[in-house]
$ cat coords-v2.txt   # compact mmCIF, C-alpha atoms and all ligand atoms
# COMPACT_ATOMS: atom_id res chain seq x y z
CA MET A 1289 -11.09 -0.20 25.64
CA ALA A 1290 -8.77 2.71 26.44
CA ILE A 1291 -6.22 3.68 23.84
CA SER A 1292 -3.50 3.51 26.49
CA PHE A 1293 -3.92 -0.26 26.38
CA PHE A 1294 -1.17 -0.23 23.78
CA LYS A 1295 2.15 0.95 25.15
CA GLN A 1296 3.28 2.64 21.98
CA LYS A 1297 1.35 5.21 20.05
CA ASN A 1298 3.22 4.25 16.95
CA ASN A 1299 2.69 7.47 15.01
CA ASP A 1300 5.09 9.02 17.49
CA VAL A 1301 7.84 6.46 17.02
CA GLN A 1302 10.98 8.15 15.75
CA LEU A 1303 12.36 6.38 12.69
CA ASP A 1304 15.04 8.82 11.54
CA GLY A 1305 12.71 9.89 8.77
CA ARG A 1306 12.53 6.38 7.32
CA PRO A 1307 9.10 4.93 6.59
CA ILE A 1308 8.26 2.14 9.06
CA ILE A 1309 8.45 -0.30 6.13
CA ASP A 1310 10.95 0.38 3.38
CA LEU A 1311 11.72 -2.08 0.58
CA ARG A 1312 14.52 -1.04 -1.75
CA GLU A 1313 15.01 -2.72 -5.13
CA VAL A 1314 13.97 -6.10 -3.81
CA ASN A 1315 14.43 -9.06 -6.13
CA LYS A 1316 13.46 -12.60 -5.24
CA TYR A 1317 14.37 -15.63 -7.32
CA TYR A 1318 13.09 -19.09 -6.46
CA LYS A 1319 15.21 -22.04 -7.55
CA THR A 1320 13.08 -24.48 -9.50
CA ALA A 1321 13.71 -27.64 -11.53
CA VAL A 1322 13.50 -25.57 -14.72
CA GLY A 1323 15.77 -22.76 -13.52
CA ASP A 1324 15.39 -19.58 -11.49
CA TYR A 1325 11.92 -18.10 -11.22
CA HIS A 1326 11.82 -14.31 -10.80
CA ALA A 1327 9.05 -13.91 -8.21
CA LEU A 1328 9.71 -10.27 -7.25
CA GLU A 1329 11.30 -7.78 -9.62
CA ASN A 1330 12.81 -4.52 -8.40
CA VAL A 1331 10.14 -3.94 -5.80
CA ASP A 1332 10.25 -0.55 -4.08
CA LEU A 1333 7.61 -0.03 -1.43
CA GLN A 1334 7.44 2.52 1.36
CA ILE A 1335 4.78 2.46 4.08
CA ASN A 1336 4.54 5.11 6.79
CA ALA A 1337 3.72 4.47 10.44
CA GLY A 1338 -0.04 4.48 10.97
CA GLU A 1339 -0.93 3.59 7.39
CA PHE A 1340 -3.46 0.90 6.49
CA VAL A 1341 -2.28 -0.60 3.18
CA SER A 1342 -3.83 -3.34 1.07
CA ILE A 1343 -1.91 -5.45 -1.41
CA ILE A 1344 -3.90 -6.88 -4.29
CA GLY A 1345 -3.05 -8.92 -7.39
CA LYS A 1346 -3.88 -12.17 -9.13
CA SER A 1347 -3.08 -15.51 -7.57
CA GLY A 1348 0.62 -16.26 -8.14
CA SER A 1349 1.55 -12.59 -8.68
CA GLY A 1350 3.89 -12.53 -5.66
CA LYS A 1351 1.82 -11.16 -2.77
CA THR A 1352 2.80 -13.79 -0.23
CA THR A 1353 6.42 -13.65 -1.37
CA LEU A 1354 6.35 -9.89 -0.75
CA LEU A 1355 4.92 -10.33 2.76
CA ASN A 1356 7.55 -13.00 3.48
CA MET A 1357 10.27 -10.43 2.70
CA ILE A 1358 8.78 -8.04 5.27
CA THR A 1359 8.32 -10.67 7.98
CA GLY A 1360 11.73 -12.23 7.36
CA ILE A 1361 10.04 -15.61 6.80
CA ASP A 1362 12.07 -15.57 3.57
CA ARG A 1363 14.92 -13.39 2.32
CA PRO A 1364 15.34 -11.28 -0.78
CA THR A 1365 17.91 -12.51 -3.32
CA THR A 1366 19.04 -8.89 -3.70
CA GLY A 1367 17.85 -5.61 -2.22
CA GLU A 1368 17.07 -4.27 1.23
CA VAL A 1369 14.12 -4.64 3.56
CA TRP A 1370 13.84 -2.23 6.50
CA VAL A 1371 11.14 -2.67 9.12
CA ASN A 1372 10.96 -0.32 12.09
CA SER A 1373 14.60 0.72 11.43
CA THR A 1374 15.93 -2.87 11.38
CA GLY A 1375 17.54 -4.30 8.25
CA VAL A 1376 15.54 -7.53 8.06
CA HIS A 1377 17.63 -8.69 5.07
CA GLU A 1378 20.74 -8.79 7.28
CA LEU A 1379 19.29 -10.32 10.49
CA ASN A 1380 20.71 -13.74 11.28
CA GLU A 1381 18.45 -16.69 12.13
CA ASN A 1382 19.20 -16.44 15.85
CA LYS A 1383 17.97 -12.89 16.10
CA MET A 1384 15.16 -13.20 13.58
CA ALA A 1385 12.51 -15.05 15.60
CA ARG A 1386 12.66 -12.81 18.63
CA TRP A 1387 12.89 -9.65 16.53
CA ARG A 1388 9.82 -10.78 14.58
CA GLY A 1389 7.93 -11.59 17.76
CA ARG A 1390 8.46 -8.12 19.15
CA ASN A 1391 7.97 -6.09 15.99
CA LEU A 1392 5.38 -7.86 13.90
CA GLY A 1393 2.00 -9.42 14.41
CA ILE A 1394 1.29 -11.94 11.69
CA VAL A 1395 -2.18 -13.18 10.73
CA PHE A 1396 -2.59 -16.07 8.28
CA GLN A 1397 -5.46 -17.07 6.04
CA PHE A 1398 -5.95 -20.37 7.85
CA PHE A 1399 -5.48 -18.92 11.37
CA GLN A 1400 -2.76 -21.43 12.34
CA LEU A 1401 -3.69 -21.61 16.02
CA LEU A 1402 -2.17 -24.47 17.99
CA PRO A 1403 -5.03 -26.99 18.28
CA MET A 1404 -3.92 -28.74 21.48
CA ILE A 1405 -3.88 -25.70 23.78
CA SER A 1406 -6.66 -23.34 24.79
CA VAL A 1407 -7.46 -20.03 23.16
CA ILE A 1408 -5.93 -18.00 25.98
CA GLU A 1409 -2.77 -20.13 25.98
CA ASN A 1410 -2.41 -19.53 22.25
CA ILE A 1411 -2.37 -15.80 22.97
CA MET A 1412 0.09 -16.09 25.86
CA LEU A 1413 2.58 -18.08 23.79
CA PRO A 1414 4.20 -15.11 21.96
CA MET A 1415 4.58 -13.28 25.29
CA ASP A 1416 6.27 -16.35 26.81
CA PHE A 1417 8.56 -16.62 23.80
CA CYS A 1418 9.62 -12.96 23.66
CA ARG A 1419 9.37 -12.28 27.41
CA THR A 1420 7.86 -8.89 26.63
CA TYR A 1421 5.67 -8.92 29.73
CA PRO A 1422 6.41 -10.29 33.23
CA ILE A 1423 4.97 -13.78 33.80
CA HIS A 1424 2.28 -12.63 36.20
CA GLU A 1425 0.93 -10.07 33.70
CA ARG A 1426 0.66 -12.37 30.68
CA ARG A 1427 -2.64 -14.07 31.49
CA LYS A 1428 -4.31 -10.76 32.34
CA ARG A 1429 -3.07 -9.19 29.12
CA ALA A 1430 -4.23 -12.18 27.06
CA MET A 1431 -7.66 -11.81 28.66
CA GLU A 1432 -7.77 -8.11 27.78
CA LEU A 1433 -6.87 -8.93 24.19
CA LEU A 1434 -9.69 -11.47 24.10
CA GLU A 1435 -12.03 -8.76 25.34
CA LEU A 1436 -10.78 -6.51 22.55
CA VAL A 1437 -11.80 -9.13 19.95
CA GLU A 1438 -14.98 -9.88 21.93
CA LEU A 1439 -14.13 -13.48 22.74
CA ALA A 1440 -13.45 -13.36 26.49
CA ASP A 1441 -16.15 -15.99 27.08
CA HIS A 1442 -14.25 -18.48 24.94
CA ALA A 1443 -10.85 -18.14 26.63
CA HIS A 1444 -10.66 -21.69 27.93
CA LYS A 1445 -12.00 -23.54 24.89
CA LEU A 1446 -9.84 -25.27 22.33
CA PRO A 1447 -9.57 -23.32 19.06
CA THR A 1448 -11.43 -26.02 17.12
CA ALA A 1449 -14.54 -25.35 19.21
CA LEU A 1450 -14.77 -21.89 17.64
CA SER A 1451 -16.12 -20.78 14.24
CA GLY A 1452 -13.75 -19.61 11.48
CA GLY A 1453 -14.40 -15.95 12.18
CA GLN A 1454 -13.85 -16.45 15.91
CA GLN A 1455 -10.60 -18.32 15.25
CA GLN A 1456 -9.39 -15.49 13.05
CA ARG A 1457 -10.17 -12.99 15.82
CA VAL A 1458 -8.16 -15.15 18.23
CA ALA A 1459 -5.32 -15.09 15.68
CA ILE A 1460 -5.51 -11.29 15.60
CA ALA A 1461 -5.43 -11.15 19.41
CA ARG A 1462 -2.37 -13.42 19.30
CA ALA A 1463 -0.74 -11.14 16.70
CA LEU A 1464 -1.19 -8.24 19.13
CA ALA A 1465 0.18 -10.09 22.16
CA ASN A 1466 3.57 -8.33 22.16
CA ASP A 1467 2.09 -4.97 21.16
CA PRO A 1468 3.94 -4.90 17.80
CA PRO A 1469 3.90 -1.65 15.81
CA VAL A 1470 3.12 -3.52 12.57
CA VAL A 1471 0.47 -6.12 11.77
CA ILE A 1472 0.78 -8.18 8.57
CA ALA A 1473 -2.15 -10.27 7.39
CA ASP A 1474 -2.17 -12.60 4.35
CA GLU A 1475 -5.74 -12.92 3.07
CA PRO A 1476 -7.15 -12.73 6.60
CA THR A 1477 -10.72 -12.73 5.33
CA GLY A 1478 -10.17 -15.11 2.42
CA ASN A 1479 -11.70 -17.99 4.30
CA LEU A 1480 -14.60 -16.14 5.93
CA ASP A 1481 -18.14 -15.30 4.83
CA SER A 1482 -18.73 -11.65 3.99
CA LYS A 1483 -20.37 -10.71 7.30
CA THR A 1484 -17.57 -12.27 9.34
CA ALA A 1485 -14.99 -10.71 6.99
CA GLU A 1486 -16.59 -7.34 7.73
CA SER A 1487 -16.15 -7.78 11.49
CA VAL A 1488 -12.50 -8.75 11.05
CA PHE A 1489 -11.98 -5.71 8.81
CA ALA A 1490 -13.63 -3.49 11.43
CA LEU A 1491 -11.17 -4.82 13.98
CA PHE A 1492 -8.25 -3.83 11.72
CA ASN A 1493 -9.77 -0.38 11.34
CA ASP A 1494 -9.88 0.02 15.14
CA LEU A 1495 -6.23 -0.99 15.36
CA VAL A 1496 -5.25 1.58 12.74
CA ALA A 1497 -7.12 4.20 14.75
CA LYS A 1498 -4.97 3.19 17.72
CA GLY A 1499 -1.78 3.84 15.74
CA LYS A 1500 -0.86 0.42 14.34
CA THR A 1501 0.52 0.07 10.82
CA ILE A 1502 -1.41 -2.64 8.98
CA ILE A 1503 -0.75 -4.43 5.71
CA ILE A 1504 -3.29 -6.87 4.37
CA VAL A 1505 -3.27 -8.98 1.25
CA THR A 1506 -6.82 -9.36 0.00
CA HIS A 1507 -8.80 -10.63 -2.99
CA ASP A 1508 -11.70 -8.42 -2.01
CA SER A 1509 -11.42 -5.18 -3.99
CA GLY A 1510 -14.27 -3.69 -1.95
CA LEU A 1511 -12.23 -4.09 1.24
CA ALA A 1512 -9.06 -2.88 -0.50
CA LYS A 1513 -10.79 0.37 -1.49
CA ARG A 1514 -11.50 1.06 2.17
CA THR A 1515 -7.82 1.01 3.20
CA HIS A 1516 -5.67 4.16 3.01
CA ARG A 1517 -3.68 2.91 0.06
CA THR A 1518 -3.58 -0.05 -2.31
CA ALA A 1519 -0.51 -1.58 -3.88
CA LEU A 1520 -1.27 -3.66 -6.98
CA ILE A 1521 1.24 -6.36 -7.83
CA ALA A 1522 1.40 -7.94 -11.30
CA ASP A 1523 3.88 -10.66 -12.29
CA GLY A 1524 6.09 -9.84 -9.31
CA GLU A 1525 6.24 -6.10 -9.97
CA ILE A 1526 4.47 -3.25 -8.21
CA VAL A 1527 2.21 -1.09 -10.34
CA ASN A 1528 2.63 2.61 -9.70
CA GLU A 1529 -0.35 3.60 -7.56
CA TYR A 1530 -0.88 6.93 -9.32
CA VAL A 1531 -0.85 5.32 -12.74
CA ALA A 1532 -3.51 2.92 -11.42
CA LYS A 1533 -5.54 5.82 -10.04
CA VAL A 1534 -5.55 7.76 -13.32
CA MET A 1535 -6.29 4.74 -15.54
CA PRO A 1536 -8.32 2.36 -13.35
CA THR A 1537 -9.82 0.50 -16.30
CA LEU A 1538 -6.48 -0.86 -17.56
CA THR A 1539 -5.78 -4.51 -16.71
CA PRO A 1540 -2.98 -5.23 -14.20
CA SER A 1541 -0.53 -6.15 -16.98
CA GLN A 1542 -1.42 -3.01 -18.97
CA LEU A 1543 -0.90 -0.97 -15.80
CA LEU A 1544 2.47 -2.61 -15.37
CA GLN A 1545 3.35 -1.71 -18.97
CA ALA A 1546 2.31 1.92 -18.28
CA THR A 1547 4.34 1.94 -15.05
CA LYS A 1548 7.46 0.75 -16.87
CA THR A 1549 6.96 3.26 -19.69
CA ALA A 1550 6.54 6.24 -17.38
CA LYS A 1551 9.62 8.35 -16.70
CA GLN A 1552 9.82 10.13 -13.39
CA HIS A 1553 10.80 13.81 -13.35
CA THR A 1554 11.35 16.00 -10.29
CA TYR A 1555 10.92 19.78 -10.09
CA GLU A 1556 11.88 22.30 -7.41
CA ALA A 1557 9.10 24.30 -5.75
CA GLY A 1558 7.97 27.06 -8.10
CA ALA A 1559 9.76 25.64 -11.16
CA MET A 1560 8.12 25.86 -14.60
CA ILE A 1561 7.23 22.40 -15.94
CA LEU A 1562 5.92 23.40 -19.35
CA SER A 1563 4.86 26.57 -21.12
CA GLU A 1564 1.65 27.50 -22.87
CA GLY A 1565 1.95 27.54 -26.66
CA THR A 1566 4.79 24.99 -26.91
CA ASN A 1567 4.38 21.64 -28.65
CA ALA A 1568 2.75 18.92 -26.59
CA ASP A 1569 4.03 15.35 -26.82
CA THR A 1570 3.69 13.95 -23.29
CA PHE A 1571 0.98 12.91 -20.85
CA TYR A 1572 1.79 13.59 -17.19
CA ILE A 1573 0.60 12.10 -13.91
CA VAL A 1574 1.36 13.96 -10.68
CA SER A 1575 2.95 11.57 -8.17
CA LYS A 1576 4.08 13.98 -5.45
CA GLY A 1577 3.35 17.59 -4.51
CA THR A 1578 1.01 19.96 -6.31
CA VAL A 1579 1.16 21.58 -9.74
CA GLU A 1580 -0.60 24.76 -10.80
CA VAL A 1581 -2.34 25.11 -14.13
CA ILE A 1582 -1.79 28.70 -15.29
CA LEU A 1583 -3.94 30.18 -18.03
CA PRO A 1584 -3.16 33.30 -20.01
CA ARG A 1585 -6.16 35.56 -20.55
CA PRO A 1586 -6.44 38.23 -23.24
CA ASN A 1587 -5.93 41.73 -21.71
CA GLN A 1588 -5.82 40.34 -18.19
CA SER A 1589 -3.21 38.86 -15.87
CA ASP A 1590 -2.55 35.11 -15.93
CA VAL A 1591 -4.71 33.07 -13.61
CA ILE A 1592 -4.10 29.89 -11.64
CA ALA A 1593 -7.08 27.95 -12.90
CA LEU A 1594 -6.46 24.68 -11.10
CA GLN A 1595 -4.22 22.89 -8.63
CA LEU A 1596 -3.50 19.23 -9.29
CA GLY A 1597 -2.23 16.87 -6.57
CA PRO A 1598 -1.02 13.26 -6.63
CA GLY A 1599 -3.15 11.01 -8.83
CA LYS A 1600 -4.22 13.89 -11.11
CA CYS A 1601 -3.01 14.27 -14.67
CA PHE A 1602 -2.36 16.86 -17.40
CA GLY A 1603 -1.52 16.74 -21.07
CA GLU A 1604 -4.57 14.63 -21.99
CA LEU A 1605 -6.39 17.65 -23.40
CA GLU A 1606 -3.65 18.27 -25.97
CA PHE A 1607 -3.48 14.55 -26.79
CA PHE A 1608 -7.08 14.56 -28.01
CA HIS A 1609 -7.20 18.16 -29.33
CA GLU A 1610 -4.49 20.20 -31.07
CA LYS A 1611 -1.06 19.23 -29.79
CA LYS A 1612 -0.04 22.61 -28.40
CA HIS A 1613 -0.08 23.33 -24.67
CA ARG A 1614 -3.17 25.27 -23.68
CA ALA A 1615 -1.80 26.26 -20.32
CA SER A 1616 1.49 26.61 -18.47
CA ILE A 1617 2.17 24.14 -15.70
CA ARG A 1618 4.27 25.08 -12.69
CA ALA A 1619 5.32 23.31 -9.49
CA SER A 1620 3.56 25.04 -6.59
CA GLU A 1621 5.62 27.04 -4.09
CA ALA A 1622 4.59 24.57 -1.37
CA GLY A 1623 7.32 22.06 -2.20
CA PRO A 1624 9.01 19.86 -4.79
CA VAL A 1625 6.94 18.02 -7.36
CA GLU A 1626 7.30 14.62 -8.97
CA VAL A 1627 5.53 13.72 -12.19
CA LEU A 1628 5.37 10.56 -14.29
CA ALA A 1629 5.73 11.26 -17.98
CA ILE A 1630 4.29 9.01 -20.69
CA GLY A 1631 5.01 9.99 -24.31
CA TYR A 1632 1.97 10.31 -26.61
CA ASP A 1633 3.22 7.40 -28.75
CA GLN A 1634 3.25 5.12 -25.74
CA LEU A 1635 -0.09 6.50 -24.55
CA SER A 1636 -1.59 5.71 -27.96
CA GLY A 1637 -0.29 2.15 -27.67
CA LEU A 1638 -1.90 1.76 -24.26
CA LEU A 1639 -5.22 3.28 -25.24
CA GLU A 1640 -5.44 1.02 -28.30
CA GLN A 1641 -5.56 -1.88 -25.85
CA SER A 1642 -8.34 -0.42 -23.72
CA GLU A 1643 -11.34 1.29 -25.21
CA ALA A 1644 -12.73 2.06 -21.74
CA THR A 1645 -9.58 3.94 -20.74
CA GLN A 1646 -9.51 5.80 -24.06
CA GLU A 1647 -13.12 6.88 -23.51
CA ALA A 1648 -12.49 7.93 -19.89
CA LEU A 1649 -9.48 10.06 -20.85
CA ARG A 1650 -11.34 11.56 -23.81
CA GLN A 1651 -14.19 12.61 -21.54
CA MET A 1652 -11.73 14.15 -19.12
CA ALA A 1653 -10.12 16.02 -22.01
CA ASN A 1654 -13.48 17.32 -23.22
CA LYS A 1655 -14.39 18.49 -19.74
CA HIS A 1656 -11.06 20.27 -19.33
CA ASN A 1657 -11.46 21.78 -22.78
CA GLY A 1658 -14.78 23.31 -21.75
CA GLU A 1659 -13.32 24.64 -18.51
CA ASN A 1660 -10.30 26.00 -20.33
CA LEU A 1661 -12.47 27.94 -22.78
CA SER A 1662 -14.71 29.37 -20.08
CA TRP A 1663 -11.69 30.56 -18.06
CA ARG A 1664 -10.49 32.38 -21.13
CA GLY A 1665 -13.88 34.01 -21.42
CA VAL A 1666 -14.70 32.10 -24.61
CA SER A 1667 -18.12 30.46 -24.56
CA SER A 1668 -17.83 26.81 -25.60
P1 LIG A 1701 0.47 -15.00 -4.42
O1 LIG A 1701 0.57 -14.95 -2.94
O2 LIG A 1701 0.30 -13.67 -5.08
O3 LIG A 1701 -0.57 -15.96 -4.89
P2 LIG A 1701 3.12 -16.20 -4.25
O4 LIG A 1701 3.97 -15.12 -3.70
O5 LIG A 1701 2.71 -17.27 -3.33
O6 LIG A 1701 1.86 -15.56 -5.01
O7 LIG A 1701 3.90 -16.86 -5.47
C1 LIG A 1701 4.44 -16.11 -6.55
C2 LIG A 1701 5.04 -17.04 -7.57
O8 LIG A 1701 6.20 -17.67 -7.02
C3 LIG A 1701 4.11 -18.15 -8.00
O9 LIG A 1701 4.31 -18.40 -9.37
C4 LIG A 1701 4.56 -19.34 -7.16
O10 LIG A 1701 4.30 -20.55 -7.83
C5 LIG A 1701 6.06 -19.10 -7.05
N1 LIG A 1701 6.59 -19.61 -5.78
C6 LIG A 1701 6.19 -19.29 -4.52
N2 LIG A 1701 6.92 -19.93 -3.59
C7 LIG A 1701 7.83 -20.69 -4.27
C8 LIG A 1701 8.87 -21.57 -3.88
N3 LIG A 1701 9.15 -21.80 -2.59
N4 LIG A 1701 9.59 -22.18 -4.86
C9 LIG A 1701 9.32 -21.95 -6.16
N5 LIG A 1701 8.36 -21.12 -6.59
C10 LIG A 1701 7.61 -20.49 -5.68
MG MG A 1702 -0.56 -15.86 -1.41

$ encode --input "coords-v2.txt" --output "structure tokens" --more "lines below"
Ligand code: ADP
Ligand code: MG
Amino acid sequence: MAISFFKQKNNDVQLDGRPIIDLREVNKYYKTAVGDYHALENVDLQINAGEFVSIIGKSGSGKTTLLNMITGIDRPTTGEVWVNSTGVHELNENKMARWRGRNLGIVFQFFQLLPMISVIENIMLPMDFCRTYPIHERRKRAMELLELVELADHAHKLPTALSGGQQQRVAIARALANDPPVVIADEPTGNLDSKTAESVFALFNDLVAKGKTIIIVTHDSGLAKRTHRTALIADGEIVNEYVAKVMPTLTPSQLLQATKTAKQHTYEAGAMILSEGTNADTFYIVSKGTVEVILPRPNQSDVIALQLGPGKCFGELEFFHEKKHRASIRASEAGPVEVLAIGYDQLSGLLEQSEATQEALRQMANKHNGENLSWRGVSS
């Protein structure tokens, strides 16, 4: 199917520099018999147009609540939710349904097709509701969408005549009916066997290649790893993705603890972050931009030994060896740098809870120690 099938190539959509999805300090409280339940806590999440993002986390951690904030199915108690430059948190009920129909395709775990009407009619329904396409074009477009999900032969059957995987593909075709820039799917493969799940995932991949922005909640960590980016949610809070990348063997609640401990610092391009020879007391994770590791060499000029981008760390060598900086660290000239700083005391506390993480960091430190010595011309 030609790429031009979709009207918008969404990577080109101008959003005044805002990410296509932008959640700012979102809090959600549910009223319950025993008082307010804090389901989302200060959630900040930015997703750029064209990204394929997975959201993972234990059952009850707040994944569906988070998606409901984005789709406007529910509202944040405080905070802002921007989708495709619209403030979803401030849309009134009258405008919400039509806005949602035009901007978002939503796929549910249990498909939620209307059982009394045919497959093709299910797909035409959103077009009828939003009047995005002239009446005489709707059936043809629905048929093309069914071809896209390889179900054209089943157009006139009732949904219940189809298998689970086929019904989910119909639901995806329906989600695409109005050519929305964003597709949101809550455990779309949760109810499918692994082979069928794979074909649904492949379909999402094709859509991303065509410029759609896709967010899926999934329990399948294998699938999550194959998206561009994964957001882990624990007890209603988002774990920093770079903290998770550097210490993948921490449990979700330990990662959350590390995220809350970490202090974010920003540096201008070219700024010195720390100097060789000074006391070391902090472990750093790069979260934006690139830092340069600069080594002094006896009787020679300094050398940039390494460049570290987002998800890389420094300061672990000094944590395990003598606590004096072995190298200077500088923000690269390419642009500003953000780092997450975790004090050695806090790092000790975390590593005491996870032997695997302690071992992984120690090995990294030993490797860097060897590299450091060989750069200096000292055989290790
Ligand atoms: P997940 O999708 O990650 O399994 P949910 O977002 O559905 O989690 O739920 C997060 C928490 O909020 C759970 O503890 C759940 O029981 C609670 N919750 C969800 N919806 C409501 C509601 N309407 N009223 C009260 N509590 C709710
Ligand atoms: Mg859920």

$ residues_near_ligand --input "coords-v2.txt" --ligand "ligand LIG 1701 (chain A)" --cutoff "8 Å" --atoms "only C-alpha atoms and all ligand atoms" --output "list in words"
Tyr1318, Lys1319, Thr1320, Tyr1325, His1326, Ala1327, Leu1328, Gly1345, Lys1346, Ser1347, Gly1348, Ser1349, Gly1350, Lys1351, Thr1352, Thr1353, Leu1354, Ile1521, Asp1523 and Gly1524 of chain A

$ atom_distance --input "coords-v2.txt" --atom1 "CA of Lys1483 (chain A)" --atom2 "CA of Gln1456 (chain A)"
13.3 Å

$ closest_residue --input "coords-v2.txt" --among "A:Leu1392, A:Ala1485, A:Ile1504, A:Val1331" --to "ligand MG 1702 (chain A)" --atoms "all atoms listed in the file"
A:Ile1504

$ atom_distance --input "coords-v2.txt" --atom1 "CA of Val1625 (chain A)" --atom2 "CA of His1553 (chain A)"
8.3 Å

$ closest_residue --input "coords-v2.txt" --among "A:Leu1355, A:Ala1440, A:Val1314, A:Ile1309" --to "ligand MG 1702 (chain A)" --atoms "all atoms listed in the file"
A:Leu1355

$ atom_distance --input "coords-v2.txt" --atom1 "CA of Ile1358 (chain A)" --atom2 "CA of Val1376 (chain A)"
7.3 Å

$ residues_near_point --input "coords-v2.txt" --point "(-10.6, -13.9, 2.3)" --cutoff "9 Å" --atoms "all atoms listed in the file" --output "ChimeraX atom specification"
/A:1397,1474-1482,1485,1505-1508

$ write_last_selection --input "coords-v2.txt" --atoms "C-alpha atoms" --output "mmCIF file, keeping the file's coordinate frame"
data_model
loop_
_atom_site.group_PDB
_atom_site.id
_atom_site.type_symbol
_atom_site.label_atom_id
_atom_site.label_comp_id
_atom_site.auth_asym_id
_atom_site.auth_seq_id
_atom_site.Cartn_x
_atom_site.Cartn_y
_atom_site.Cartn_z
ATOM 1 C CA GLN A 1397 -5.460 -17.070 6.040
ATOM 2 C CA ASP A 1474 -2.170 -12.600 4.350
ATOM 3 C CA GLU A 1475 -5.740 -12.920 3.070
ATOM 4 C CA PRO A 1476 -7.150 -12.730 6.600
ATOM 5 C CA THR A 1477 -10.720 -12.730 5.330
ATOM 6 C CA GLY A 1478 -10.170 -15.110 2.420
ATOM 7 C CA ASN A 1479 -11.700 -17.990 4.300
ATOM 8 C CA LEU A 1480 -14.600 -16.140 5.930
ATOM 9 C CA ASP A 1481 -18.140 -15.300 4.830
ATOM 10 C CA SER A 1482 -18.730 -11.650 3.990
ATOM 11 C CA ALA A 1485 -14.990 -10.710 6.990
ATOM 12 C CA VAL A 1505 -3.270 -8.980 1.250
ATOM 13 C CA THR A 1506 -6.820 -9.360 0.000
ATOM 14 C CA HIS A 1507 -8.800 -10.630 -2.990
ATOM 15 C CA ASP A 1508 -11.700 -8.420 -2.010
#

$ closest_residue --input "coords-v2.txt" --among "A:Asp1569, A:Glu1643, A:Asp1362, A:Glu1525" --to "Phe1602 (chain A)" --atoms "all atoms listed in the file"
A:Asp1569

$ residues_near_point --input "coords-v2.txt" --point "(5.0, 10.3, -25.8)" --cutoff "10 Å" --atoms "all atoms listed in the file" --output "PyMOL selection string"
chain A and resi 1549-1550+1568-1572+1607+1629-1637

$ decode --input "coords-v2.txt" --residues "region 1338-1361 of chain A" --atoms "C-alpha atoms" --output "PDB file, in the first residue's frame"
ATOM      1  CA  GLY A1338       6.797   9.572  14.881  1.00  0.00           C
ATOM      2  CA  GLU A1339       7.906   7.841  18.080  1.00  0.00           C
ATOM      3  CA  PHE A1340       6.852   4.311  18.999  1.00  0.00           C
ATOM      4  CA  VAL A1341       6.656   4.211  22.805  1.00  0.00           C
ATOM      5  CA  SER A1342       5.775   1.346  25.123  1.00  0.00           C
ATOM      6  CA  ILE A1343       4.466   1.780  28.648  1.00  0.00           C
ATOM      7  CA  ILE A1344       5.165  -1.049  31.054  1.00  0.00           C
ATOM      8  CA  GLY A1345       4.532  -1.629  34.765  1.00  0.00           C
ATOM      9  CA  LYS A1346       2.834  -4.011  37.156  1.00  0.00           C
ATOM     10  CA  SER A1347      -0.914  -4.470  37.155  1.00  0.00           C
ATOM     11  CA  GLY A1348      -2.480  -1.574  39.084  1.00  0.00           C
ATOM     12  CA  SER A1349       0.538   0.729  38.604  1.00  0.00           C
ATOM     13  CA  GLY A1350      -1.485   3.309  36.650  1.00  0.00           C
ATOM     14  CA  LYS A1351      -0.928   2.494  32.973  1.00  0.00           C
ATOM     15  CA  THR A1352      -4.569   2.642  31.920  1.00  0.00           C
ATOM     16  CA  THR A1353      -5.110   5.761  34.030  1.00  0.00           C
ATOM     17  CA  LEU A1354      -2.203   7.380  32.174  1.00  0.00           C
ATOM     18  CA  LEU A1355      -3.647   6.472  28.762  1.00  0.00           C
ATOM     19  CA  ASN A1356      -7.047   7.804  29.868  1.00  0.00           C
ATOM     20  CA  MET A1357      -5.422  11.187  30.540  1.00  0.00           C
ATOM     21  CA  ILE A1358      -4.062  11.269  26.974  1.00  0.00           C
ATOM     22  CA  THR A1359      -7.311  10.167  25.324  1.00  0.00           C
ATOM     23  CA  GLY A1360      -9.447  12.453  27.478  1.00  0.00           C
ATOM     24  CA  ILE A1361     -11.494   9.433  28.593  1.00  0.00           C
TER      25      ILE A1361
END
